[in-house]
Amino acid sequence: MSDIDKKYKNTINLGRPMHEERNTPNGKGKYRTYVNEAYWWWQPERYSSIHWSPKTGAHVTQGGIRKQWEQLGFENGFLGFPTSDEIPFTKDGVITESFAGEEVIGKVSYFEGGAIYWYAATNDISVYSKQEGQFKYKQEQYTKGFPPVHAREIVPLLEKVALEIFKKTM
């Protein structure tokens, strides 16, 4: 059983595999894409994937985080391979594996070259570049159907929290 198969077996709700494991275009790893056929109209993305490399291991990307990573070139872009699955974080900047009694404001996935943050209240995506030491991209109102929230006021505050999280974990 491959590392991708093991990750899939231990991950809930990825959907069905769309294809067998494939080599990544850069030849440095493998991946498999999954489709969730039971997704709802308001979800930003119905696809997820597990990417693996010998250096980073197997990690799941999904939803808005995966979509942004795709737009940046997947593992061929400046972010490289994922080094974590999606991790929820609270308004206090605490990364948590548990949702019990904590107000989760978003999720983060770490990559070799930075991180992608998704914020629940605004459905915004921010990308942190490790090399440049700053946020490179912001995508407001990623999905239609969400009411506008004062994203221009909220995102800078969330980015400050996200930067502190990034510093603590890298």
# chains A, B, ... in the order shown; residues from 1 in each chain; ligands from 1
call {"tool": "select_by_dssp", "arguments": {"residues": "stretch 12-120 of chain A", "states": "strand (DSSP E)", "output": "PyMOL selection string"}}
result
chain A and resi 16-17+22-23+30-35+47-53+57-62+87-90+104-111+114-119
call {"tool": "atom_distance", "arguments": {"atom1": "atom CA of A:Lys55", "atom2": "atom CA of A:Asp85"}}
result
15.0 Å
call {"tool": "closest_residue", "arguments": {"among": "A:Tyr34, A:Tyr8, A:Tyr117, A:Phe81", "to": "A:Pro54", "atoms": "only C-alpha atoms"}}
result
A:Phe81
call {"tool": "residues_around", "arguments": {"residues": "A:Asn13", "least_positions_apart": "6", "cutoff": "12 Å", "atoms": "only C-alpha atoms", "output": "PyMOL selection string"}}
result
chain A and resi 34-39+46-49+60+62-63
call {"tool": "residues_around", "arguments": {"residues": "A:Tyr110", "least_positions_apart": "3", "cutoff": "7 Å", "atoms": "only C-alpha atoms", "output": "ChimeraX atom specification"}}
result
/A:82-84,114-116
call {"tool": "write_last_selection", "arguments": {"atoms": "N, CA and C atoms", "output": "JSON list (two decimals), in the first residue's frame"}}
result
[["chain", "number", "residue", "atom", "x", "y", "z"],
["A", 82, "PRO", "N", 2.97, 20.32, -0.62],
["A", 82, "PRO", "CA", 2.43, 20.57, 0.72],
["A", 82, "PRO", "C", 3.25, 19.85, 1.78],
["A", 83, "THR", "N", 3.35, 20.49, 2.95],
["A", 83, "THR", "CA", 4.05, 19.87, 4.09],
["A", 83, "THR", "C", 3.09, 19.61, 5.24],
["A", 84, "SER", "N", 1.80, 19.93, 5.03],
["A", 84, "SER", "CA", 0.78, 19.65, 6.04],
["A", 84, "SER", "C", -0.56, 19.44, 5.33],
["A", 114, "GLY", "N", 5.87, 28.25, 1.57],
["A", 114, "GLY", "CA", 4.96, 29.20, 2.20],
["A", 114, "GLY", "C", 3.72, 28.53, 2.75],
["A", 115, "ALA", "N", 2.60, 29.26, 2.68],
["A", 115, "ALA", "CA", 1.35, 28.75, 3.23],
["A", 115, "ALA", "C", 0.17, 29.39, 2.51],
["A", 116, "ILE", "N", -0.95, 28.68, 2.51],
["A", 116, "ILE", "CA", -2.20, 29.24, 1.99],
["A", 116, "ILE", "C", -3.21, 29.22, 3.14]]
call {"tool": "atom_distance", "arguments": {"atom1": "atom CA of A:His51", "atom2": "atom CA of A:Thr24"}}
result
8.4 Å
call {"tool": "closest_residue", "arguments": {"among": "A:Asp3, A:Ile65, A:Met18, A:Glu132", "to": "A:Ala120", "atoms": "only C-alpha atoms"}}
result
A:Ile65
